file data.txt (compact mmCIF, C-alpha atoms and all ligand atoms)
# COMPACT_ATOMS: atom_id res chain seq x y z
CA MET A 1 41.40 -30.75 25.88
CA ARG A 2 40.21 -28.62 28.83
CA LYS A 3 42.92 -26.06 28.09
CA ILE A 4 41.79 -25.82 24.49
CA ILE A 5 38.18 -25.28 25.54
CA LEU A 6 39.27 -22.64 28.05
CA LEU A 7 41.40 -20.85 25.47
CA PHE A 8 38.54 -20.96 23.00
CA ALA A 9 36.13 -19.54 25.60
CA ILE A 10 38.52 -16.66 26.39
CA PHE A 11 39.01 -16.00 22.68
CA ALA A 12 35.23 -16.00 22.06
CA THR A 13 34.67 -13.59 24.96
CA VAL A 14 37.37 -11.21 23.73
CA VAL A 15 35.89 -11.28 20.22
CA ALA A 16 32.38 -10.67 21.57
CA MET A 17 33.58 -7.73 23.68
CA ALA A 18 35.44 -6.25 20.75
CA GLN A 19 32.31 -6.45 18.60
CA ASP A 20 29.98 -5.03 21.22
CA PRO A 21 30.91 -1.49 22.22
CA GLN A 22 28.62 -1.73 25.25
CA PRO A 23 29.11 -5.12 26.86
CA VAL A 24 26.29 -5.41 29.36
CA GLN A 25 25.92 -8.70 31.17
CA ILE A 26 22.31 -9.83 31.28
CA ASN A 27 21.06 -13.03 32.84
CA ARG A 28 17.79 -14.68 31.83
CA ALA A 29 16.47 -14.38 35.36
CA ASP A 30 16.91 -10.60 35.25
CA LEU A 31 14.82 -10.08 32.16
CA PRO A 32 11.23 -8.95 32.13
CA LYS A 33 8.76 -11.68 31.29
CA PRO A 34 8.05 -11.50 27.56
CA ASP A 35 4.60 -13.01 27.90
CA LEU A 36 3.38 -9.87 29.70
CA CYS A 37 2.94 -8.27 26.28
CA LYS A 38 2.28 -11.02 23.79
CA THR A 39 0.31 -8.50 21.78
CA PRO A 40 0.94 -4.72 21.79
CA PRO A 41 -0.24 -3.14 25.06
CA MET A 42 -3.47 -1.12 24.93
CA GLY A 43 -4.35 1.67 27.30
CA TRP A 44 -4.28 5.39 27.97
CA SER A 45 -1.63 7.86 29.08
CA SER A 46 -2.01 11.29 30.62
CA TRP A 47 0.75 13.09 28.70
CA ASN A 48 -0.72 14.11 25.33
CA THR A 49 -3.68 15.94 26.82
CA PHE A 50 -2.75 16.80 30.39
CA ALA A 51 1.06 17.06 30.40
CA CYS A 52 2.09 17.92 33.99
CA ASP A 53 -1.43 18.79 35.13
CA ILE A 54 -2.44 15.43 36.61
CA ASN A 55 -3.94 14.31 39.91
CA GLU A 56 -5.65 11.30 41.47
CA THR A 57 -9.16 12.48 40.63
CA LEU A 58 -8.29 12.63 36.95
CA ILE A 59 -6.75 9.16 37.00
CA ARG A 60 -9.79 7.71 38.79
CA GLU A 61 -12.19 9.36 36.37
CA VAL A 62 -10.22 8.14 33.38
CA ALA A 63 -10.26 4.61 34.78
CA GLU A 64 -14.03 4.84 35.21
CA ALA A 65 -14.42 6.18 31.66
CA MET A 66 -12.36 3.28 30.40
CA ILE A 67 -15.12 0.99 31.64
CA ASN A 68 -18.19 3.18 30.98
CA THR A 69 -17.33 4.10 27.40
CA GLY A 70 -16.68 0.51 26.33
CA LEU A 71 -12.94 0.97 25.91
CA TYR A 72 -12.31 -1.90 28.32
CA ASP A 73 -14.54 -4.15 26.22
CA ALA A 74 -12.54 -3.17 23.14
CA GLY A 75 -9.33 -4.33 24.88
CA TYR A 76 -7.87 -1.27 26.61
CA ARG A 77 -6.38 -2.08 30.03
CA TYR A 78 -3.57 0.25 31.12
CA VAL A 79 -4.19 3.60 32.79
CA ASN A 80 -0.81 5.28 32.75
CA MET A 81 0.30 8.32 34.71
CA ASP A 82 3.03 10.02 32.73
CA ASP A 83 5.41 12.68 34.05
CA CYS A 84 4.80 14.87 37.12
CA TRP A 85 3.00 12.58 39.58
CA HIS A 86 6.12 12.87 41.75
CA GLY A 87 6.72 14.54 45.04
CA GLN A 88 10.05 14.21 46.87
CA ARG A 89 12.03 11.25 48.19
CA ASP A 90 11.50 10.50 51.88
CA ALA A 91 14.32 10.36 54.46
CA ASP A 92 15.10 6.77 53.38
CA GLY A 93 15.19 7.69 49.71
CA PHE A 94 11.81 6.26 48.72
CA ILE A 95 10.00 8.34 46.13
CA GLN A 96 6.62 9.73 47.18
CA PRO A 97 3.81 11.19 45.06
CA ASP A 98 2.98 14.88 45.05
CA PRO A 99 1.02 15.16 48.34
CA GLU A 100 -1.37 17.77 47.00
CA ARG A 101 -2.19 16.07 43.72
CA PHE A 102 -2.21 12.52 45.08
CA PRO A 103 -3.28 12.92 48.73
CA SER A 104 -4.60 9.35 49.01
CA GLY A 105 -1.30 7.90 47.78
CA ILE A 106 -0.51 5.64 44.86
CA ARG A 107 -1.36 2.38 46.63
CA ALA A 108 -4.98 3.49 47.11
CA LEU A 109 -5.13 4.63 43.50
CA ALA A 110 -3.76 1.30 42.26
CA ASP A 111 -6.27 -0.58 44.41
CA TYR A 112 -9.08 1.43 42.88
CA VAL A 113 -7.85 0.96 39.31
CA HIS A 114 -7.40 -2.77 39.95
CA SER A 115 -10.91 -3.00 41.42
CA LEU A 116 -12.20 -1.95 37.99
CA GLY A 117 -10.20 -4.71 36.31
CA LEU A 118 -7.60 -2.29 34.94
CA TYR A 119 -3.84 -1.85 35.37
CA LEU A 120 -1.98 1.21 36.63
CA GLY A 121 1.11 2.58 34.91
CA ILE A 122 3.72 5.00 36.17
CA TYR A 123 6.58 7.02 34.68
CA SER A 124 10.21 7.66 35.57
CA ASP A 125 13.48 8.55 33.94
CA ALA A 126 16.92 6.95 33.73
CA GLY A 127 18.58 10.27 34.51
CA SER A 128 18.83 12.55 37.51
CA GLU A 129 15.54 14.27 36.68
CA THR A 130 12.55 13.50 34.46
CA CYS A 131 11.86 15.61 31.39
CA GLY A 132 9.45 17.61 33.54
CA GLY A 133 12.13 18.27 36.19
CA LYS A 134 10.90 15.73 38.77
CA PRO A 135 13.22 13.29 40.59
CA GLY A 136 14.67 10.68 38.22
CA SER A 137 15.58 7.12 39.11
CA GLN A 138 19.33 7.34 38.55
CA GLY A 139 20.98 5.81 41.61
CA TYR A 140 17.60 4.75 43.02
CA GLU A 141 16.66 2.04 40.54
CA TYR A 142 16.13 -0.79 43.03
CA GLN A 143 14.37 1.41 45.53
CA ASP A 144 12.04 2.83 42.89
CA ALA A 145 11.22 -0.59 41.44
CA LEU A 146 10.51 -1.85 44.93
CA GLN A 147 8.28 1.13 45.66
CA TYR A 148 6.34 0.62 42.42
CA ALA A 149 5.87 -3.06 43.24
CA ARG A 150 4.65 -2.23 46.75
CA TRP A 151 2.19 0.23 45.29
CA GLY A 152 0.89 -2.37 42.84
CA ILE A 153 2.15 -0.71 39.66
CA ASP A 154 1.79 -2.74 36.45
CA TYR A 155 3.63 -0.69 33.82
CA LEU A 156 6.69 1.60 33.86
CA LYS A 157 7.56 4.08 31.13
CA TYR A 158 11.23 4.97 31.56
CA ASP A 159 12.34 8.20 29.90
CA TRP A 160 15.75 9.47 28.82
CA CYS A 161 16.10 13.12 29.84
CA ASN A 162 19.13 14.34 31.84
CA THR A 163 21.26 11.31 31.07
CA GLU A 164 24.56 12.89 30.04
CA ASN A 165 27.33 10.27 30.17
CA VAL A 166 24.90 7.45 30.90
CA ASN A 167 25.15 4.22 28.92
CA SER A 168 21.61 3.63 27.69
CA ARG A 169 21.74 -0.13 27.40
CA GLY A 170 23.25 -0.42 30.86
CA ALA A 171 20.74 1.99 32.38
CA TYR A 172 17.72 0.20 30.88
CA ALA A 173 19.09 -3.26 31.71
CA LEU A 174 19.62 -2.11 35.29
CA MET A 175 16.00 -1.00 35.65
CA ALA A 176 14.80 -4.18 33.92
CA LYS A 177 16.67 -6.18 36.54
CA ALA A 178 15.35 -4.03 39.38
CA LEU A 179 11.78 -4.51 38.15
CA ARG A 180 12.25 -8.24 37.84
CA GLN A 181 13.72 -8.47 41.32
CA SER A 182 10.85 -6.45 42.76
CA GLY A 183 8.84 -9.63 42.36
CA ARG A 184 5.95 -7.99 40.51
CA ASP A 185 5.12 -8.37 36.83
CA ILE A 186 5.65 -4.88 35.44
CA VAL A 187 5.57 -4.02 31.75
CA PHE A 188 8.74 -2.11 30.87
CA SER A 189 8.42 0.65 28.28
CA LEU A 190 11.69 2.21 27.12
CA CYS A 191 11.57 5.82 26.01
CA GLU A 192 14.94 6.89 24.56
CA TRP A 193 13.25 8.12 21.35
CA GLY A 194 15.40 5.83 19.20
CA ASP A 195 18.38 8.10 19.95
CA THR A 196 20.55 5.15 20.97
CA GLN A 197 18.79 2.60 18.75
CA ALA A 198 17.04 0.75 21.57
CA TYR A 199 15.14 -1.19 18.91
CA SER A 200 18.39 -2.96 18.05
CA TRP A 201 19.31 -4.04 21.59
CA ALA A 202 16.24 -3.89 23.83
CA ARG A 203 14.43 -7.01 22.68
CA ASP A 204 15.26 -8.82 25.91
CA ILE A 205 15.31 -5.75 28.14
CA GLY A 206 11.86 -4.28 27.68
CA HIS A 207 8.48 -4.95 26.15
CA LEU A 208 8.32 -1.83 24.01
CA TRP A 209 10.63 0.97 23.00
CA ARG A 210 10.00 4.34 21.48
CA THR A 211 11.42 4.59 17.98
CA THR A 212 11.05 8.35 17.46
CA GLY A 213 10.80 11.75 19.09
CA ASP A 214 7.50 12.90 20.55
CA VAL A 215 4.33 12.77 18.50
CA ASN A 216 2.73 16.07 17.61
CA CYS A 217 -1.00 16.37 16.99
CA CYS A 218 -0.81 16.97 13.25
CA PHE A 219 -0.87 14.66 10.29
CA ASP A 220 1.91 16.00 8.14
CA CYS A 221 4.35 18.23 10.01
CA GLU A 222 7.63 18.26 11.83
CA LEU A 223 8.45 20.86 14.48
CA ASP A 224 12.08 21.57 15.28
CA PHE A 225 12.75 22.74 18.84
CA GLY A 226 16.53 22.91 18.44
CA GLY A 227 17.66 19.96 20.52
CA TRP A 228 14.62 17.84 19.74
CA LYS A 229 11.83 17.44 17.20
CA SER A 230 8.15 16.80 17.51
CA LEU A 231 6.71 14.74 14.68
CA GLY A 232 3.38 14.42 12.94
CA VAL A 233 1.77 11.11 12.03
CA LEU A 234 3.42 10.71 8.61
CA ALA A 235 6.90 11.63 9.85
CA ILE A 236 6.64 9.00 12.60
CA LEU A 237 5.28 6.44 10.16
CA ASP A 238 8.31 6.91 7.91
CA LYS A 239 10.73 6.45 10.79
CA ASN A 240 9.00 3.43 12.30
CA GLU A 241 8.32 1.45 9.12
CA PRO A 242 11.91 0.39 8.39
CA LEU A 243 12.25 -1.09 11.88
CA ARG A 244 9.74 -3.89 11.42
CA ARG A 245 12.32 -6.63 11.79
CA PHE A 246 12.87 -5.67 15.42
CA ALA A 247 9.25 -6.07 16.54
CA GLY A 248 7.42 -9.22 17.54
CA PRO A 249 5.39 -10.80 20.33
CA GLY A 250 6.67 -9.53 23.68
CA HIS A 251 8.80 -6.72 22.22
CA TRP A 252 7.31 -3.89 20.18
CA ASN A 253 8.36 -0.81 18.28
CA ASP A 254 6.57 2.12 19.91
CA PRO A 255 5.86 5.02 17.53
CA ASP A 256 4.44 6.98 20.50
CA MET A 257 0.99 7.54 21.93
CA LEU A 258 -2.14 8.23 19.92
CA GLU A 259 -3.42 11.70 19.13
CA VAL A 260 -6.87 10.52 18.00
CA GLY A 261 -9.50 12.93 19.30
CA ASN A 262 -7.02 15.73 19.91
CA GLY A 263 -7.73 18.00 16.96
CA MET A 264 -6.95 16.35 13.63
CA THR A 265 -9.72 15.77 11.09
CA GLU A 266 -11.82 12.61 11.21
CA SER A 267 -9.96 11.27 8.17
CA GLU A 268 -6.60 11.96 9.78
CA ASP A 269 -7.64 10.37 13.05
CA ARG A 270 -8.87 7.29 11.21
CA ALA A 271 -5.66 7.08 9.17
CA HIS A 272 -3.48 7.60 12.26
CA PHE A 273 -5.27 4.86 14.20
CA THR A 274 -5.28 2.44 11.27
CA MET A 275 -1.60 2.91 10.48
CA TRP A 276 -0.63 2.34 14.12
CA CYS A 277 -2.61 -0.92 13.91
CA MET A 278 -0.91 -1.85 10.63
CA MET A 279 2.43 -1.36 12.42
CA ALA A 280 1.42 -3.52 15.41
CA ALA A 281 2.04 -0.46 17.58
CA PRO A 282 1.09 -0.17 21.24
CA LEU A 283 -2.32 1.54 21.32
CA ILE A 284 -1.95 4.07 24.12
CA LEU A 285 -4.72 6.66 23.86
CA GLY A 286 -3.77 10.28 24.47
CA ASN A 287 -7.15 12.04 24.46
CA ASP A 288 -9.52 12.94 27.28
CA ILE A 289 -11.65 9.82 27.23
CA ARG A 290 -14.06 11.32 29.78
CA SER A 291 -15.41 13.76 27.22
CA MET A 292 -14.71 12.48 23.72
CA THR A 293 -17.08 12.60 20.76
CA LYS A 294 -18.86 9.56 19.37
CA GLN A 295 -16.73 9.93 16.26
CA THR A 296 -13.53 9.56 18.30
CA LEU A 297 -14.93 6.65 20.28
CA ASP A 298 -15.98 4.87 17.09
CA ILE A 299 -12.46 5.14 15.74
CA ILE A 300 -10.63 3.90 18.81
CA THR A 301 -13.06 1.04 19.42
CA ASN A 302 -13.19 -0.35 15.88
CA ARG A 303 -12.71 -3.98 16.86
CA GLU A 304 -11.94 -5.17 13.37
CA VAL A 305 -9.08 -2.69 13.05
CA ILE A 306 -7.90 -3.41 16.59
CA ALA A 307 -7.80 -7.10 15.65
CA ILE A 308 -5.21 -6.21 12.99
CA ASP A 309 -3.05 -4.63 15.70
CA GLN A 310 -3.60 -7.44 18.17
CA ASP A 311 -3.13 -10.30 15.74
CA PRO A 312 -1.33 -13.17 17.52
CA LEU A 313 1.41 -13.42 14.89
CA GLY A 314 2.62 -10.01 16.07
CA ILE A 315 4.10 -9.04 12.71
CA GLN A 316 4.57 -5.37 11.96
CA GLY A 317 3.13 -4.51 8.55
CA LEU A 318 5.20 -3.47 5.57
CA ARG A 319 4.91 -0.66 3.09
CA TYR A 320 4.85 -2.55 -0.18
CA ARG A 321 4.30 0.10 -2.83
CA ILE A 322 4.20 3.89 -3.11
CA GLU A 323 2.60 5.62 -6.11
CA SER A 324 2.19 9.41 -6.12
CA GLY A 325 1.39 9.72 -2.45
CA ILE A 326 -0.71 6.56 -2.33
CA GLU A 327 0.81 3.85 -0.17
CA TYR A 328 -0.09 0.16 -0.12
CA TRP A 329 0.62 -1.61 3.15
CA LEU A 330 0.27 -5.30 3.93
CA LYS A 331 0.35 -7.15 7.24
CA PRO A 332 0.36 -10.94 7.59
CA LEU A 333 -2.27 -12.22 10.02
CA GLU A 334 -3.04 -15.58 11.56
CA ASN A 335 -4.59 -18.39 9.50
CA GLY A 336 -3.19 -17.05 6.23
CA ASP A 337 -5.22 -13.82 6.40
CA TRP A 338 -3.81 -10.42 5.43
CA ALA A 339 -4.57 -6.83 6.27
CA PHE A 340 -4.34 -4.63 3.19
CA CYS A 341 -4.34 -0.87 3.68
CA ILE A 342 -4.27 2.02 1.23
CA LEU A 343 -3.06 5.31 2.68
CA ASN A 344 -3.57 8.62 0.87
CA ARG A 345 -0.88 11.10 1.92
CA ASN A 346 -2.13 13.71 -0.52
CA LEU A 347 -4.22 16.75 0.26
CA GLU A 348 -6.78 15.70 -2.38
CA GLU A 349 -9.06 12.71 -2.66
CA ARG A 350 -7.82 9.95 -4.98
CA THR A 351 -9.68 7.26 -6.90
CA ILE A 352 -7.90 4.08 -7.92
CA ASN A 353 -8.72 0.82 -9.65
CA LEU A 354 -7.64 -1.81 -7.18
CA ASP A 355 -6.71 -5.25 -8.41
CA PHE A 356 -5.42 -7.33 -5.50
CA ARG A 357 -3.88 -9.77 -7.98
CA GLN A 358 -1.21 -7.17 -8.74
CA PHE A 359 0.01 -7.36 -5.17
CA ASN A 360 0.87 -11.05 -5.08
CA MET A 361 4.07 -11.18 -3.07
CA ARG A 362 6.17 -12.92 -0.45
CA ASP A 363 7.20 -11.19 2.76
CA ASN A 364 10.82 -12.27 2.93
CA LEU A 365 11.16 -11.30 6.57
CA THR A 366 8.43 -13.64 7.78
CA ASN A 367 8.01 -16.05 4.85
CA ASN A 368 4.32 -15.30 4.48
CA THR A 369 2.88 -15.20 0.99
CA PHE A 370 0.08 -12.97 -0.18
CA ALA A 371 -1.13 -15.37 -2.86
CA SER A 372 -3.62 -13.08 -4.54
CA ALA A 373 -2.65 -14.22 -8.06
CA SER A 374 -3.53 -17.84 -7.37
CA HIS A 375 -5.94 -17.72 -4.45
CA VAL A 376 -9.27 -15.95 -4.07
CA TYR A 377 -9.55 -14.27 -0.67
CA LYS A 378 -12.73 -13.06 0.96
CA VAL A 379 -12.60 -9.27 1.27
CA ARG A 380 -14.00 -7.21 4.13
CA ASN A 381 -13.80 -3.45 4.42
CA LEU A 382 -12.93 -2.69 8.04
CA TRP A 383 -14.28 0.87 8.22
CA THR A 384 -17.57 0.32 6.38
CA HIS A 385 -17.84 -3.08 8.09
CA LYS A 386 -19.06 -4.58 4.83
CA ASP A 387 -18.07 -7.69 2.92
CA GLU A 388 -17.10 -6.83 -0.63
CA ALA A 389 -16.52 -8.75 -3.84
CA ALA A 390 -13.79 -11.38 -3.55
CA SER A 391 -10.15 -10.57 -4.26
CA ASP A 392 -10.21 -11.66 -7.93
CA LYS A 393 -12.57 -8.76 -8.79
CA VAL A 394 -11.20 -5.32 -9.66
CA ARG A 395 -12.79 -2.50 -7.68
CA LYS A 396 -12.85 1.27 -7.77
CA VAL A 397 -11.69 2.72 -4.47
CA VAL A 398 -12.02 6.33 -3.34
CA ILE A 399 -9.55 7.36 -0.65
CA PRO A 400 -10.24 10.82 0.79
CA ALA A 401 -7.35 13.18 1.54
CA HIS A 402 -5.24 12.05 4.53
CA ASP A 403 -7.38 8.96 4.92
CA VAL A 404 -7.18 5.19 4.52
CA VAL A 405 -9.16 2.27 3.19
CA VAL A 406 -8.33 -0.96 4.96
CA TYR A 407 -9.40 -4.53 4.23
CA ARG A 408 -9.06 -7.87 5.84
CA LEU A 409 -8.49 -10.57 3.26
CA SER A 410 -9.45 -13.93 4.69
CA TYR A 411 -7.94 -17.08 3.32
C1 LIG B 501 9.38 12.95 26.97
C2 LIG B 501 8.62 11.74 26.43
C3 LIG B 501 7.14 12.06 26.39
C4 LIG B 501 6.66 12.44 27.78
C5 LIG B 501 7.47 13.60 28.33
C6 LIG B 501 7.18 13.86 29.80
O1 LIG B 501 9.33 14.01 26.08
O2 LIG B 501 9.08 11.38 25.17
O3 LIG B 501 6.42 10.98 25.89
O4 LIG B 501 6.75 11.33 28.62
O5 LIG B 501 8.87 13.34 28.23
O6 LIG B 501 7.92 14.91 30.31
call {"tool": "encode", "arguments": {"input": "data.txt", "output": "structure tokens"}}
result
Amino acid sequence: MRKIILLFAIFATVVAMAQDPQPVQINRADLPKPDLCKTPPMGWSSWNTFACDINETLIREVAEAMINTGLYDAGYRYVNMDDCWHGQRDADGFIQPDPERFPSGIRALADYVHSLGLYLGIYSDAGSETCGGKPGSQGYEYQDALQYARWGIDYLKYDWCNTENVNSRGAYALMAKALRQSGRDIVFSLCEWGDTQAYSWARDIGHLWRTTGDVNCCFDCELDFGGWKSLGVLAILDKNEPLRRFAGPGHWNDPDMLEVGNGMTESEDRAHFTMWCMMAAPLILGNDIRSMTKQTLDIITNREVIAIDQDPLGIQGLRYRIESGIEYWLKPLENGDWAFCILNRNLEERTINLDFRQFNMRDNLTNNTFASASHVYKVRNLWTHKDEAASDKVRKVVIPAHDVVVYRLSY
């Protein structure tokens, strides 16, 4: 009997290896803790506005603005340094910050950020160098994870530049293990741009993974830089939507950081923010929150829209219907509620007669039913913050160009 079991085990292993082109052994104890990100992480990152021009004063001021502007109260917690905080490795190989930009060191910065009740994030790369040409973590994974833990880091974004001949799943699993063994709870954000389909294998390796190339601050554009593309809001939306089955509590599709407040129109900013919430995306702000307008602040602190993003079910919304540039999106929420969003991709305003009863449907992925044909939901407009007629009444809806109308339908 034992022999048979042994033979079967060998056979099963051989079959598994044959099916998996990248057999990477992962033990439970090496995995990041999924409950670190039960809902999509919310915070800020330096990259979209400041690129490589960052220093400790900026990070401190941003952390203070997070509190003073009310962003903390709306749920934002992570203050993330992106690329270019790095100096050189010391004689023992430990990475050090740029001594001119971060003269007080990262530990002091983390202490300060923590004293405000916030978390500090850092950035590295699985290759020899980061995308900005700073030292990467390749060959230093355990040392870097240990250094981050000693500094009190809470979040690591791990990029994918300069990784020729590197196995992505192996490289990310290695850093996941190093982070876990550092003894500190560190959110792990994979950033391979979807190039190696991290969404299909990273569920147990990280808490979030980029699904696309870099976001560009425009609503409807795509810029080709030869080797890589930068994508506007709609282009990212189209790439991220089909991946909804891979997302869920503790592991999220990441369609990249927000560009709200960075130059699009108010409509476009509102649509961008709302669609990221409909997709249960991480909400990582990319604007200068020390000097934003009230209009920008109102968008990024709309609690009712944020609640769609942060809903405990953690289900990424689905695009249910498209009619001449008007898209209807639905997202199942807790207690039988639904978010219902109409997106206008057109360059002109559109007026529609909306009858929720025509959208009665079952989400086959999650087995949730939008029972609008048989049930009357309460309807609340999440941008006007007004209760409207119940779901059995037809309504006329005006959706400005590149804008959205979004409702919460309560059971
Ligand atoms: C890549 C990432 C960006 C940013 C830069 C930093 O392009 O996708 O989000 O981190 O690197 O160099």
call {"tool": "residues_around", "arguments": {"input": "data.txt", "residues": "Thr57 in chain A", "least_positions_apart": "5", "cutoff": "9 Å", "atoms": "all atoms listed in the file", "output": "VMD selection string"}}
result
chain A and resid 62 101 to 102
call {"tool": "closest_residue", "arguments": {"input": "data.txt", "among": "A:Arg60, A:Arg77, A:Lys38, A:Lys229", "to": "ligand LIG 501 (chain B)", "atoms": "only C-alpha atoms and all ligand atoms"}}
result
A:Lys229
call {"tool": "residues_near_ligand", "arguments": {"input": "data.txt", "ligand": "ligand LIG 501 (chain B)", "cutoff": "10 Å", "atoms": "all atoms listed in the file", "output": "PyMOL selection string"}}
result
chain A and resi 45-48+51-52+81-84+123-125+129-134+157-161+190-193+210+212-215+228-230+256-257
call {"tool": "residues_around", "arguments": {"input": "data.txt", "residues": "Glu388 in chain A", "least_positions_apart": "3", "cutoff": "8 Å", "atoms": "all atoms listed in the file", "output": "list of chain:residue names"}}
result
A:Lys378, A:Val379, A:Arg380, A:Asn381
call {"tool": "residues_near_point", "arguments": {"input": "data.txt", "point": "(5.0, -9.3, 44.0)", "cutoff": "9 Å", "atoms": "all atoms listed in the file", "output": "mmCIF file with C-alpha atoms, keeping the file's coordinate frame"}}
result
data_model
loop_
_atom_site.group_PDB
_atom_site.id
_atom_site.type_symbol
_atom_site.label_atom_id
_atom_site.label_comp_id
_atom_site.auth_asym_id
_atom_site.auth_seq_id
_atom_site.Cartn_x
_atom_site.Cartn_y
_atom_site.Cartn_z
ATOM 1 C CA ALA A 149 5.870 -3.060 43.240
ATOM 2 C CA ARG A 150 4.650 -2.230 46.750
ATOM 3 C CA GLY A 152 0.890 -2.370 42.840
ATOM 4 C CA SER A 182 10.850 -6.450 42.760
ATOM 5 C CA GLY A 183 8.840 -9.630 42.360
ATOM 6 C CA ARG A 184 5.950 -7.990 40.510
ATOM 7 C CA ASP A 185 5.120 -8.370 36.830
#
